[in-house]
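Undergrad: So that you have it, the file is start04.pdb, and it contains PDB, C-alpha atoms, pLDDT in the B column:
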```
ATOM      1  CA  MET A  18     180.459 -65.696   7.527  1.00 35.00           C
ATOM      2  CA  ALA A  19     177.188 -66.598   9.226  1.00 38.00           C
ATOM      3  CA  GLN A  20     176.598 -70.291   9.695  1.00 39.00           C
ATOM      4  CA  ARG A  21     173.452 -71.876   8.287  1.00 42.00           C
ATOM      5  CA  MET A  22     171.054 -73.360  10.812  1.00 46.00           C
ATOM      6  CA  ARG A  23     171.285 -77.119  10.746  1.00 53.00           C
ATOM      7  CA  LYS A  24     168.208 -79.209  10.182  1.00 56.00           C
ATOM      8  CA  LYS A  25     166.744 -80.798  13.270  1.00 61.00           C
ATOM      9  CA  ARG A  26     167.355 -84.486  13.735  1.00 65.00           C
ATOM     10  CA  HIS A  27     164.872 -86.618  11.762  1.00 76.00           C
ATOM     11  CA  PHE A  28     163.596 -83.383  10.213  1.00 77.00           C
ATOM     12  CA  ASP A  29     162.030 -84.928   7.105  1.00 83.00           C
ATOM     13  CA  GLN A  30     160.166 -87.589   9.087  1.00 88.00           C
ATOM     14  CA  ARG A  31     158.939 -85.031  11.610  1.00 91.00           C
ATOM     15  CA  MET A  32     157.806 -82.634   8.911  1.00 86.00           C
ATOM     16  CA  GLY A  33     155.957 -85.408   7.142  1.00 86.00           C
ATOM     17  CA  ALA A  34     154.133 -86.322  10.346  1.00 87.00           C
ATOM     18  CA  VAL A  35     152.678 -82.823  10.777  1.00 92.00           C
ATOM     19  CA  GLU A  36     152.476 -81.569   7.195  1.00 91.00           C
ATOM     20  CA  LYS A  37     148.672 -81.300   7.364  1.00 93.00           C
ATOM     21  CA  TRP A  38     149.140 -78.228   9.569  1.00 95.00           C
ATOM     22  CA  LEU A  39     151.379 -76.464   7.025  1.00 95.00           C
ATOM     23  CA  LEU A  40     149.778 -74.297   4.347  1.00 95.00           C
ATOM     24  CA  ALA A  41     152.936 -73.062   2.594  1.00 91.00           C
ATOM     25  CA  ARG A  42     156.711 -72.869   2.643  1.00 85.00           C
ATOM     26  CA  GLY A  43     158.426 -70.053   0.795  1.00 71.00           C
ATOM     27  CA  ALA A  44     156.855 -68.001  -1.988  1.00 50.00           C
ATOM     28  CA  GLY A  45     157.971 -69.404  -5.290  1.00 46.00           C
ATOM     29  CA  GLY A  46     161.528 -68.288  -4.584  1.00 47.00           C
ATOM     30  CA  ILE A  47     160.423 -64.641  -4.508  1.00 46.00           C
ATOM     31  CA  LEU A  48     161.520 -62.845  -1.334  1.00 49.00           C
ATOM     32  CA  ASN A  49     161.053 -59.195  -2.225  1.00 56.00           C
ATOM     33  CA  MET A  50     157.661 -58.042  -0.964  1.00 57.00           C
ATOM     34  CA  LYS A  51     156.824 -55.923  -4.027  1.00 59.00           C
ATOM     35  CA  GLU A  52     157.819 -58.659  -6.468  1.00 61.00           C
ATOM     36  CA  ALA A  53     155.994 -61.297  -4.461  1.00 60.00           C
ATOM     37  CA  ALA A  54     152.778 -59.291  -4.283  1.00 59.00           C
ATOM     38  CA  GLU A  55     152.867 -58.542  -7.998  1.00 62.00           C
ATOM     39  CA  ASN A  56     154.052 -61.872  -9.405  1.00 63.00           C
ATOM     40  CA  TYR A  57     152.987 -64.676  -7.105  1.00 74.00           C
ATOM     41  CA  ARG A  58     149.601 -65.657  -5.694  1.00 78.00           C
ATOM     42  CA  ALA A  59     148.493 -68.674  -3.717  1.00 87.00           C
ATOM     43  CA  LEU A  60     145.682 -67.061  -1.734  1.00 94.00           C
ATOM     44  CA  ILE A  61     144.254 -69.222   1.032  1.00 96.00           C
ATOM     45  CA  ASP A  62     140.659 -70.386   0.744  1.00 97.00           C
ATOM     46  CA  TYR A  63     139.751 -70.321   4.444  1.00 98.00           C
ATOM     47  CA  LYS A  64     136.545 -72.292   4.022  1.00 98.00           C
ATOM     48  CA  ALA A  65     138.348 -75.036   2.112  1.00 98.00           C
ATOM     49  CA  VAL A  66     141.061 -75.197   4.792  1.00 97.00           C
ATOM     50  CA  PHE A  67     138.919 -75.003   7.935  1.00 98.00           C
ATOM     51  CA  GLY A  68     135.554 -76.174   6.662  1.00 98.00           C
ATOM     52  CA  ASN A  69     133.698 -73.158   8.072  1.00 98.00           C
ATOM     53  CA  ASP A  70     133.213 -69.401   7.761  1.00 97.00           C
ATOM     54  CA  HIS A  71     134.578 -68.456  11.187  1.00 98.00           C
ATOM     55  CA  PRO A  72     136.567 -65.212  11.575  1.00 98.00           C
ATOM     56  CA  VAL A  73     140.300 -65.458  10.917  1.00 98.00           C
ATOM     57  CA  ASP A  74     143.170 -64.030  12.977  1.00 98.00           C
ATOM     58  CA  LEU A  75     146.877 -64.021  12.150  1.00 98.00           C
ATOM     59  CA  GLU A  76     149.984 -64.299  14.335  1.00 98.00           C
ATOM     60  CA  ILE A  77     153.263 -63.133  12.801  1.00 98.00           C
ATOM     61  CA  GLY A  78     156.314 -64.738  14.385  1.00 96.00           C
ATOM     62  CA  CYS A  79     154.623 -67.553  16.306  1.00 96.00           C
ATOM     63  CA  GLY A  80     157.790 -69.260  17.563  1.00 94.00           C
ATOM     64  CA  LYS A  81     157.028 -72.713  18.937  1.00 95.00           C
ATOM     65  CA  GLY A  82     153.301 -72.029  18.755  1.00 96.00           C
ATOM     66  CA  GLY A  83     152.427 -71.918  22.444  1.00 95.00           C
ATOM     67  CA  PHE A  84     150.438 -68.703  22.153  1.00 96.00           C
ATOM     68  CA  VAL A  85     148.472 -69.513  19.003  1.00 97.00           C
ATOM     69  CA  CYS A  86     147.680 -73.072  20.108  1.00 97.00           C
ATOM     70  CA  GLU A  87     146.325 -71.838  23.439  1.00 96.00           C
ATOM     71  CA  LEU A  88     144.381 -69.105  21.648  1.00 97.00           C
ATOM     72  CA  ALA A  89     142.894 -71.690  19.301  1.00 97.00           C
ATOM     73  CA  LYS A  90     141.876 -73.917  22.226  1.00 97.00           C
ATOM     74  CA  ARG A  91     140.167 -71.027  23.998  1.00 97.00           C
ATOM     75  CA  ASN A  92     138.349 -69.849  20.862  1.00 97.00           C
ATOM     76  CA  PRO A  93     137.036 -72.801  18.822  1.00 97.00           C
ATOM     77  CA  ASP A  94     134.726 -70.407  16.966  1.00 98.00           C
ATOM     78  CA  ARG A  95     137.702 -68.601  15.373  1.00 98.00           C
ATOM     79  CA  ASN A  96     140.386 -69.719  12.920  1.00 98.00           C
ATOM     80  CA  TYR A  97     144.081 -68.896  13.157  1.00 98.00           C
ATOM     81  CA  ILE A  98     146.938 -68.601  10.693  1.00 98.00           C
ATOM     82  CA  ALA A  99     150.403 -68.476  12.283  1.00 98.00           C
ATOM     83  CA  LEU A 100     153.548 -67.393  10.453  1.00 97.00           C
ATOM     84  CA  GLU A 101     157.042 -68.487  11.433  1.00 95.00           C
ATOM     85  CA  MET A 102     159.840 -68.061   8.904  1.00 92.00           C
ATOM     86  CA  VAL A 103     162.368 -70.321  10.690  1.00 92.00           C
ATOM     87  CA  THR A 104     161.658 -73.867   9.524  1.00 90.00           C
ATOM     88  CA  ASN A 105     163.371 -75.507  12.504  1.00 90.00           C
ATOM     89  CA  VAL A 106     161.044 -73.547  14.787  1.00 93.00           C
ATOM     90  CA  VAL A 107     157.761 -73.877  12.892  1.00 94.00           C
ATOM     91  CA  ILE A 108     158.058 -77.652  12.985  1.00 94.00           C
ATOM     92  CA  SER A 109     157.881 -77.480  16.800  1.00 94.00           C
ATOM     93  CA  ALA A 110     154.813 -75.243  16.520  1.00 96.00           C
ATOM     94  CA  MET A 111     153.080 -77.758  14.266  1.00 96.00           C
ATOM     95  CA  GLU A 112     153.992 -80.585  16.635  1.00 96.00           C
ATOM     96  CA  ASN A 113     152.344 -78.599  19.429  1.00 95.00           C
ATOM     97  CA  ALA A 114     149.199 -78.210  17.328  1.00 96.00           C
ATOM     98  CA  GLU A 115     149.234 -81.964  16.762  1.00 95.00           C
ATOM     99  CA  LYS A 116     149.823 -82.620  20.456  1.00 95.00           C
ATOM    100  CA  TYR A 117     146.928 -80.438  21.601  1.00 93.00           C
ATOM    101  CA  GLY A 118     144.643 -81.480  18.763  1.00 94.00           C
ATOM    102  CA  VAL A 119     143.653 -77.949  17.775  1.00 96.00           C
ATOM    103  CA  GLN A 120     141.915 -78.096  14.409  1.00 96.00           C
ATOM    104  CA  ASN A 121     141.435 -74.350  13.925  1.00 98.00           C
ATOM    105  CA  VAL A 122     145.069 -73.334  13.361  1.00 98.00           C
ATOM    106  CA  ARG A 123     147.385 -73.632  10.350  1.00 98.00           C
ATOM    107  CA  PHE A 124     150.941 -72.460   9.713  1.00 97.00           C
ATOM    108  CA  LEU A 125     152.913 -70.542   7.090  1.00 96.00           C
ATOM    109  CA  ASN A 126     156.685 -71.096   6.893  1.00 93.00           C
ATOM    110  CA  ILE A 127     157.375 -67.893   4.948  1.00 91.00           C
ATOM    111  CA  ARG A 128     158.788 -64.401   5.375  1.00 90.00           C
ATOM    112  CA  ALA A 129     156.377 -61.701   6.542  1.00 93.00           C
ATOM    113  CA  GLU A 130     157.136 -59.793   3.319  1.00 89.00           C
ATOM    114  CA  CYS A 131     155.325 -62.536   1.405  1.00 89.00           C
ATOM    115  CA  LEU A 132     152.041 -62.406   3.348  1.00 93.00           C
ATOM    116  CA  PRO A 133     150.167 -60.758   0.435  1.00 91.00           C
ATOM    117  CA  CYS A 134     150.879 -63.889  -1.604  1.00 90.00           C
ATOM    118  CA  TYR A 135     148.786 -66.014   0.742  1.00 93.00           C
ATOM    119  CA  ILE A 136     146.449 -63.866   2.860  1.00 96.00           C
ATOM    120  CA  PRO A 137     143.489 -62.325   0.971  1.00 97.00           C
ATOM    121  CA  GLU A 138     142.927 -58.612   1.438  1.00 97.00           C
ATOM    122  CA  ASN A 139     140.299 -57.527   3.995  1.00 98.00           C
ATOM    123  CA  SER A 140     140.121 -61.034   5.475  1.00 98.00           C
ATOM    124  CA  VAL A 141     141.835 -60.907   8.891  1.00 98.00           C
ATOM    125  CA  GLU A 142     140.254 -59.470  12.051  1.00 98.00           C
ATOM    126  CA  LYS A 143     143.334 -59.396  14.301  1.00 98.00           C
ATOM    127  CA  ILE A 144     147.082 -59.544  13.756  1.00 98.00           C
ATOM    128  CA  TYR A 145     149.186 -60.574  16.757  1.00 98.00           C
ATOM    129  CA  LEU A 146     152.806 -59.429  17.105  1.00 98.00           C
ATOM    130  CA  ASN A 147     154.246 -61.067  20.219  1.00 97.00           C
ATOM    131  CA  PHE A 148     157.798 -60.128  21.174  1.00 96.00           C
ATOM    132  CA  SER A 149     158.965 -59.470  17.641  1.00 96.00           C
ATOM    133  CA  THR A 150     162.730 -59.088  17.231  1.00 94.00           C
ATOM    134  CA  PRO A 151     163.522 -55.399  17.962  1.00 95.00           C
ATOM    135  CA  LEU A 152     166.385 -55.179  15.399  1.00 92.00           C
ATOM    136  CA  PRO A 153     167.944 -52.177  17.190  1.00 83.00           C
ATOM    137  CA  LYS A 154     170.673 -51.438  14.614  1.00 78.00           C
ATOM    138  CA  LEU A 155     169.836 -48.397  12.501  1.00 73.00           C
ATOM    139  CA  GLY A 156     170.267 -50.198   9.184  1.00 78.00           C
ATOM    140  CA  TYR A 157     167.566 -52.729  10.107  1.00 86.00           C
ATOM    141  CA  VAL A 158     164.771 -50.275  10.922  1.00 92.00           C
ATOM    142  CA  THR A 159     162.769 -51.049   7.796  1.00 93.00           C
ATOM    143  CA  GLN A 160     162.852 -54.761   8.691  1.00 93.00           C
ATOM    144  CA  ARG A 161     161.081 -54.236  11.999  1.00 96.00           C
ATOM    145  CA  LEU A 162     157.643 -55.838  11.848  1.00 97.00           C
ATOM    146  CA  THR A 163     156.027 -52.592  12.989  1.00 98.00           C
ATOM    147  CA  HIS A 164     157.762 -50.398  10.422  1.00 97.00           C
ATOM    148  CA  ARG A 165     155.241 -48.406   8.383  1.00 96.00           C
ATOM    149  CA  GLY A 166     156.076 -50.454   5.287  1.00 95.00           C
ATOM    150  CA  PHE A 167     154.773 -53.587   7.000  1.00 97.00           C
ATOM    151  CA  LEU A 168     151.886 -51.665   8.539  1.00 98.00           C
ATOM    152  CA  GLU A 169     150.608 -50.667   5.103  1.00 97.00           C
ATOM    153  CA  THR A 170     150.575 -54.352   4.170  1.00 96.00           C
ATOM    154  CA  TYR A 171     148.767 -55.306   7.386  1.00 98.00           C
ATOM    155  CA  LYS A 172     146.141 -52.620   6.793  1.00 98.00           C
ATOM    156  CA  LYS A 173     145.310 -54.205   3.435  1.00 97.00           C
ATOM    157  CA  LEU A 174     144.942 -57.644   5.019  1.00 98.00           C
ATOM    158  CA  LEU A 175     142.782 -56.437   7.922  1.00 98.00           C
ATOM    159  CA  VAL A 176     139.022 -56.126   7.728  1.00 98.00           C
ATOM    160  CA  GLU A 177     137.466 -52.728   8.338  1.00 97.00           C
ATOM    161  CA  ASP A 178     137.921 -51.965  12.063  1.00 97.00           C
ATOM    162  CA  GLY A 179     140.474 -54.797  12.324  1.00 98.00           C
ATOM    163  CA  CYS A 180     143.430 -54.379  14.649  1.00 98.00           C
ATOM    164  CA  ILE A 181     147.050 -55.217  15.451  1.00 98.00           C
ATOM    165  CA  VAL A 182     147.777 -56.461  18.979  1.00 98.00           C
ATOM    166  CA  GLN A 183     151.401 -56.050  20.036  1.00 98.00           C
ATOM    167  CA  LYS A 184     153.309 -57.164  23.125  1.00 97.00           C
ATOM    168  CA  THR A 185     157.009 -56.537  23.753  1.00 97.00           C
ATOM    169  CA  ASP A 186     159.448 -56.108  26.595  1.00 95.00           C
ATOM    170  CA  ASN A 187     161.608 -53.633  24.648  1.00 95.00           C
ATOM    171  CA  ARG A 188     160.711 -50.022  25.492  1.00 96.00           C
ATOM    172  CA  ASP A 189     162.624 -48.434  22.598  1.00 96.00           C
ATOM    173  CA  PHE A 190     160.993 -50.792  20.111  1.00 97.00           C
ATOM    174  CA  PHE A 191     157.586 -50.158  21.682  1.00 98.00           C
ATOM    175  CA  ASP A 192     157.939 -46.377  21.439  1.00 98.00           C
ATOM    176  CA  PHE A 193     159.110 -46.750  17.838  1.00 97.00           C
ATOM    177  CA  SER A 194     156.057 -48.908  17.122  1.00 98.00           C
ATOM    178  CA  LEU A 195     153.669 -46.379  18.640  1.00 98.00           C
ATOM    179  CA  ASP A 196     155.081 -43.661  16.400  1.00 98.00           C
ATOM    180  CA  GLU A 197     154.747 -45.919  13.352  1.00 98.00           C
ATOM    181  CA  TYR A 198     151.136 -46.799  14.201  1.00 98.00           C
ATOM    182  CA  ARG A 199     150.270 -43.123  14.468  1.00 98.00           C
ATOM    183  CA  ALA A 200     152.059 -42.330  11.193  1.00 98.00           C
ATOM    184  CA  ALA A 201     150.059 -45.101   9.507  1.00 98.00           C
ATOM    185  CA  GLY A 202     146.787 -43.602  10.726  1.00 98.00           C
ATOM    186  CA  LEU A 203     145.994 -46.349  13.238  1.00 98.00           C
ATOM    187  CA  LYS A 204     144.093 -45.603  16.438  1.00 98.00           C
ATOM    188  CA  LEU A 205     145.847 -46.658  19.666  1.00 98.00           C
ATOM    189  CA  GLU A 206     143.791 -48.458  22.316  1.00 98.00           C
ATOM    190  CA  GLU A 207     144.474 -50.336  25.563  1.00 97.00           C
ATOM    191  CA  LEU A 208     147.999 -48.895  25.719  1.00 98.00           C
ATOM    192  CA  THR A 209     149.978 -50.017  28.763  1.00 97.00           C
ATOM    193  CA  TYR A 210     153.655 -49.983  29.656  1.00 97.00           C
ATOM    194  CA  ASP A 211     153.197 -52.631  32.337  1.00 96.00           C
ATOM    195  CA  LEU A 212     150.662 -55.307  31.435  1.00 96.00           C
ATOM    196  CA  HIS A 213     151.256 -57.281  34.625  1.00 92.00           C
ATOM    197  CA  GLU A 214     151.011 -54.346  37.016  1.00 90.00           C
ATOM    198  CA  GLY A 215     148.656 -55.407  39.785  1.00 83.00           C
ATOM    199  CA  GLY A 216     148.736 -59.067  38.720  1.00 82.00           C
ATOM    200  CA  LYS A 217     148.366 -61.172  35.614  1.00 79.00           C
ATOM    201  CA  PRO A 218     145.203 -60.393  33.602  1.00 88.00           C
ATOM    202  CA  GLU A 219     143.067 -63.539  33.323  1.00 88.00           C
ATOM    203  CA  TRP A 220     142.514 -63.022  29.589  1.00 93.00           C
ATOM    204  CA  ASN A 221     146.218 -62.722  28.819  1.00 95.00           C
ATOM    205  CA  ILE A 222     148.007 -65.720  27.320  1.00 95.00           C
ATOM    206  CA  VAL A 223     151.587 -65.635  28.566  1.00 90.00           C
ATOM    207  CA  THR A 224     154.102 -66.508  25.846  1.00 85.00           C
ATOM    208  CA  GLU A 225     157.391 -68.298  26.545  1.00 81.00           C
ATOM    209  CA  TYR A 226     159.303 -65.022  26.164  1.00 83.00           C
ATOM    210  CA  GLU A 227     156.830 -63.147  28.306  1.00 89.00           C
ATOM    211  CA  GLN A 228     157.224 -65.602  31.176  1.00 87.00           C
ATOM    212  CA  LYS A 229     161.002 -65.244  30.971  1.00 87.00           C
ATOM    213  CA  TRP A 230     160.929 -61.445  31.111  1.00 88.00           C
ATOM    214  CA  VAL A 231     158.287 -61.303  33.854  1.00 87.00           C
ATOM    215  CA  GLU A 232     160.385 -63.630  36.018  1.00 89.00           C
ATOM    216  CA  GLN A 233     163.257 -61.195  35.559  1.00 90.00           C
ATOM    217  CA  GLY A 234     161.052 -58.323  36.724  1.00 86.00           C
ATOM    218  CA  LEU A 235     160.819 -56.603  33.332  1.00 90.00           C
ATOM    219  CA  PRO A 236     157.573 -54.796  32.434  1.00 96.00           C
ATOM    220  CA  ILE A 237     155.580 -55.998  29.435  1.00 96.00           C
ATOM    221  CA  HIS A 238     154.276 -53.333  27.044  1.00 97.00           C
ATOM    222  CA  ARG A 239     151.057 -53.873  25.106  1.00 98.00           C
ATOM    223  CA  VAL A 240     148.912 -51.910  22.673  1.00 98.00           C
ATOM    224  CA  VAL A 241     146.016 -52.438  20.282  1.00 98.00           C
ATOM    225  CA  ALA A 242     146.378 -50.473  17.035  1.00 98.00           C
ATOM    226  CA  ARG A 243     143.045 -50.300  15.207  1.00 98.00           C
ATOM    227  CA  LYS A 244     142.498 -49.724  11.505  1.00 96.00           C
TER     228      LYS A 244
END
```
Would you kindly transcribe this structure into structure tokens?

TA:
Amino acid sequence: MAQRMRKKRHFDQRMGAVEKWLLARGAGGILNMKEAAENYRALIDYKAVFGNDHPVDLEIGCGKGGFVCELAKRNPDRNYIALEMVTNVVISAMENAEKYGVQNVRFLNIRAECLPCYIPENSVEKIYLNFSTPLPKLGYVTQRLTHRGFLETYKKLLVEDGCIVQKTDNRDFFDFSLDEYRAAGLKLEELTYDLHEGGKPEWNIVTEYEQKWVEQGLPIHRVVARK
């Protein structure tokens, strides 16, 4: 039997200290994507949250928030929503946002299946998928974040000409993703199997996982899949 993840020490106090960064936890107890999309709505009013009409980007699986916080610092004229379903992890991401004082990022502590409950259709310019869990076992294919079922959801959330930006170190997962993008009618751009070949690109924000794999000499794969 799998063990439940224990709450972090002083969890309630820590969550209370950074709750202004959190837009939602859960989805009314509804976890099935179809049921959630049909029966539950708490769509985000971006202007009410951020106080402006800046473009909005979304990161799915933000971990401890290093990438999205750095992205927000570099781009004060854009707003960011970051999803992390593990509560013990998202609290660290929100603490990083607090630490760096970035005002243009907010977090969702929900499953990716429930995104339609919160993100309005045709409202996101970019979706970032950084080092998503490959889930290599055959029975988990439909749970991969680049499976065509998820891609159809992302396409509804993206603006016209919006895009998905993916990075991963897993070649099998990357090739699977490329096939899924093509099957979903997305156009592939900036495809590379070794992002760091010839040196680190200045525009690239290195995630914690990316740094780990690069230090081990593993190539980083990246692609932009455009709607």

Undergrad: Neighbouring residues of stretch 78-94 of chain A were defined as those with any atom within 8 Å, considering only C-alpha atoms; residues of the same chain fewer than 4 positions away were excluded. Please report them as a PyMOL selection string.

TA: chain A and resi 71-72+99-102+106-111+113-114+117+119+121-122+146-147+149+222-225

Undergrad: As a VMD selection string, please: the residues near A:Glu169 (cut-off 10 Å, all atoms listed in the file, same-chain neighbours under 6 positions excluded).

TA: chain A and resid 163 198 201 to 202

Undergrad: With all atoms of stretch 83-89 of chain A from the file as input, state the centre and edge lengths in Å to one decimal of the axis-aligned box that has 5 Å extra on each side, as lines of an AutoDock Vina configuration file.

TA:
```
center_x = 147.7
center_y = -70.9
center_z = 21.2
size_x = 19.5
size_y = 14.4
size_z = 14.4
```

Undergrad: If we count all atoms listed in the file, what is near A:His164 at a cut-off of 10 Å, once residues fewer than 5 positions away on the same chain are taken out, given as a list in words?

TA: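 The neighbour list is Val158, Thr159, Glu169, Phe193, Ser194, Asp196, Glu197, Tyr198, Ala200 and Ala201 of chain A.
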
Undergrad: Check the smallest atom-to-atom distance from each of A:Glu227, A:Glu112, A:Asp192, A:Asp186 to A:Arg31 using all atoms listed in the file, then report the winner.

TA: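 Ranked by minimum distance to A:Arg31, first place goes to A:Glu112.
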
Undergrad: Rounded to one decimal, what separation in Å do you get between atom CA of A:Leu208 and atom CA of A:Ile136?

TA: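 Going from atom CA of A:Leu208 over to atom CA of A:Ile136 covers 27.4 Å.
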
Undergrad: Rounded to one decimal in Å, what is the spacing between atom CA of A:Arg243 and atom CA of A:Asn139?

TA: 13.6 Å

Undergrad: Would you mind reading off the distance between atom CA of A:Met32 and atom CA of A:Lys64, one decimal, in Å?

TA: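 According to the coordinates, atom CA of A:Met32 and atom CA of A:Lys64 are separated by 24.1 Å.
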
Undergrad: Please build the interface table for stretch 96-132 of chain A against stretch 36-39 of chain A with a cut-off of 7 Å, listing for each qualifying residue the nearest atom pair and the distance in Å to one decimal; count all atoms listed in the file, order rows by chain and increasing number, and write it as CSV.

TA:
```
residue,atom,partner,partner_atom,distance
A:Met111,CA,A:Trp38,CA,6.1
A:Arg123,CA,A:Trp38,CA,5.0
A:Phe124,CA,A:Leu39,CA,4.8
A:Leu125,CA,A:Leu39,CA,6.1
```

Undergrad: Run the PyMOL selection byres ((chain A and resi 205) around 9) on the file and write out the hits as number ranges by chain.

TA: A: 195, 198-199, 203-204, 206-208, 240-243

Undergrad: Skipping near chain neighbours, those fewer than 3 positions away, what residues fall within 9 Å of A:Ala41 using all atoms listed in the file, listed as a list in words?

TA: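 The filter keeps Ala44, Ala59, Phe124, Leu125, Asn126, Ile127 and Tyr135 of chain A.
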
Undergrad: Extract, using only C-alpha atoms, all DNA, RNA and protein residues at most 12 Å from A:Lys217, discarding same-chain residues fewer than 6 positions from it, and format them as a PyMOL selection string.

TA: chain A and resi 211+223+227-228+231+236-237

Undergrad: Considering all atoms listed in the file, state which residue in the set A:Gln30, A:Glu115, A:Phe67, A:Arg128 is at the smallest distance from A:Val103.

TA: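 Nearest to A:Val103: A:Arg128.
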
Undergrad: Using all atoms listed in the file, can you tell me which of A:Asn187, A:Gln233, A:Gln120, A:Asn69 comes closest to A:Pro153?

TA: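 That would be A:Asn187, the residue with the smallest distance to A:Pro153.
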
Undergrad: Which one is closest to A:Leu132: A:Thr150, A:Thr104, A:Thr170, A:Asn96? Count all atoms listed in the file.

TA: A:Thr170

Undergrad: Here is a test: counting all atoms listed in the file, which residue of A:Asp74, A:Glu130, A:Asp189, A:Asp62 is nearest to A:Val176?

TA: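 Checking each of A:Asp74, A:Glu130, A:Asp189, A:Asp62 against A:Val176, counting all atoms listed in the file, the winner is A:Asp74.
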
Undergrad: From the options A:Lys229, A:Lys244, A:Arg161, A:Lys184, which residue's atoms come nearest to A:Thr209, counting all atoms listed in the file?

TA: A:Lys184

Undergrad: Which residues, protein or nucleic acid, reach to within 10 Å of (140.7, -56.9, 10.0) in the file's coordinates when using only C-alpha atoms, and can you give that as a ChimeraX atom specification?

TA: /A:72-75,138-144,171-181,243-244

Undergrad: Render stretch 109-169 of chain A from the structure in the preceding block as a file of C-alpha atoms, as a PDB file, in the first residue's frame.

TA:
```pdb
ATOM      1  CA  SER A 109       7.835  25.895  -1.633  1.00  0.00           C
ATOM      2  CA  ALA A 110       7.011  27.489  -4.991  1.00  0.00           C
ATOM      3  CA  MET A 111       4.831  30.103  -3.311  1.00  0.00           C
ATOM      4  CA  GLU A 112       7.543  30.785  -0.739  1.00  0.00           C
ATOM      5  CA  ASN A 113       9.940  31.412  -3.625  1.00  0.00           C
ATOM      6  CA  ALA A 114       7.480  33.871  -5.162  1.00  0.00           C
ATOM      7  CA  GLU A 115       7.282  35.619  -1.797  1.00  0.00           C
ATOM      8  CA  LYS A 116      11.063  35.604  -1.449  1.00  0.00           C
ATOM      9  CA  TYR A 117      11.673  37.145  -4.871  1.00  0.00           C
ATOM     10  CA  GLY A 118       8.715  39.504  -4.655  1.00  0.00           C
ATOM     11  CA  VAL A 119       7.294  38.621  -8.065  1.00  0.00           C
ATOM     12  CA  GLN A 120       3.787  40.044  -8.299  1.00  0.00           C
ATOM     13  CA  ASN A 121       2.900  38.637 -11.725  1.00  0.00           C
ATOM     14  CA  VAL A 122       2.642  34.939 -10.820  1.00  0.00           C
ATOM     15  CA  ARG A 123      -0.056  32.905  -9.060  1.00  0.00           C
ATOM     16  CA  PHE A 124      -0.411  29.197  -8.318  1.00  0.00           C
ATOM     17  CA  LEU A 125      -2.974  26.417  -8.704  1.00  0.00           C
ATOM     18  CA  ASN A 126      -2.705  23.372  -6.417  1.00  0.00           C
ATOM     19  CA  ILE A 127      -4.858  21.130  -8.618  1.00  0.00           C
ATOM     20  CA  ARG A 128      -4.614  18.234 -11.053  1.00  0.00           C
ATOM     21  CA  ALA A 129      -3.979  19.103 -14.701  1.00  0.00           C
ATOM     22  CA  GLU A 130      -7.267  17.358 -15.568  1.00  0.00           C
ATOM     23  CA  CYS A 131      -9.098  20.167 -13.772  1.00  0.00           C
ATOM     24  CA  LEU A 132      -7.545  23.076 -15.697  1.00  0.00           C
ATOM     25  CA  PRO A 133     -10.789  23.777 -17.621  1.00  0.00           C
ATOM     26  CA  CYS A 134     -12.430  24.559 -14.281  1.00  0.00           C
ATOM     27  CA  TYR A 135     -10.135  27.531 -13.734  1.00  0.00           C
ATOM     28  CA  ILE A 136      -8.498  28.648 -16.995  1.00  0.00           C
ATOM     29  CA  PRO A 137     -10.837  30.402 -19.477  1.00  0.00           C
ATOM     30  CA  GLU A 138     -10.789  29.131 -23.041  1.00  0.00           C
ATOM     31  CA  ASN A 139      -8.648  31.036 -25.573  1.00  0.00           C
ATOM     32  CA  SER A 140      -6.870  32.954 -22.801  1.00  0.00           C
ATOM     33  CA  VAL A 141      -3.315  31.564 -22.567  1.00  0.00           C
ATOM     34  CA  GLU A 142      -0.497  32.415 -24.993  1.00  0.00           C
ATOM     35  CA  LYS A 143       2.058  29.797 -23.911  1.00  0.00           C
ATOM     36  CA  ILE A 144       1.941  26.560 -21.941  1.00  0.00           C
ATOM     37  CA  TYR A 145       5.238  25.365 -20.459  1.00  0.00           C
ATOM     38  CA  LEU A 146       5.868  21.664 -19.797  1.00  0.00           C
ATOM     39  CA  ASN A 147       9.262  21.349 -18.113  1.00  0.00           C
ATOM     40  CA  PHE A 148      10.505  17.836 -17.386  1.00  0.00           C
ATOM     41  CA  SER A 149       7.073  16.321 -16.930  1.00  0.00           C
ATOM     42  CA  THR A 150       7.041  12.822 -15.432  1.00  0.00           C
ATOM     43  CA  PRO A 151       7.501  10.390 -18.373  1.00  0.00           C
ATOM     44  CA  LEU A 152       5.256   7.650 -16.867  1.00  0.00           C
ATOM     45  CA  PRO A 153       6.912   4.931 -18.991  1.00  0.00           C
ATOM     46  CA  LYS A 154       4.591   2.057 -17.999  1.00  0.00           C
ATOM     47  CA  LEU A 155       2.120   1.221 -20.757  1.00  0.00           C
ATOM     48  CA  GLY A 156      -0.945   1.544 -18.534  1.00  0.00           C
ATOM     49  CA  TYR A 157      -0.085   5.172 -17.727  1.00  0.00           C
ATOM     50  CA  VAL A 158       0.183   6.477 -21.294  1.00  0.00           C
ATOM     51  CA  THR A 159      -3.055   8.445 -21.139  1.00  0.00           C
ATOM     52  CA  GLN A 160      -1.807  10.204 -17.987  1.00  0.00           C
ATOM     53  CA  ARG A 161       1.224  11.667 -19.728  1.00  0.00           C
ATOM     54  CA  LEU A 162       0.852  15.439 -19.932  1.00  0.00           C
ATOM     55  CA  THR A 163       1.496  15.349 -23.678  1.00  0.00           C
ATOM     56  CA  HIS A 164      -1.063  12.645 -24.424  1.00  0.00           C
ATOM     57  CA  ARG A 165      -3.545  13.791 -27.071  1.00  0.00           C
ATOM     58  CA  GLY A 166      -6.323  13.890 -24.473  1.00  0.00           C
ATOM     59  CA  PHE A 167      -4.472  16.624 -22.589  1.00  0.00           C
ATOM     60  CA  LEU A 168      -3.447  18.303 -25.834  1.00  0.00           C
ATOM     61  CA  GLU A 169      -7.081  18.769 -26.840  1.00  0.00           C
TER      62      GLU A 169
END
```
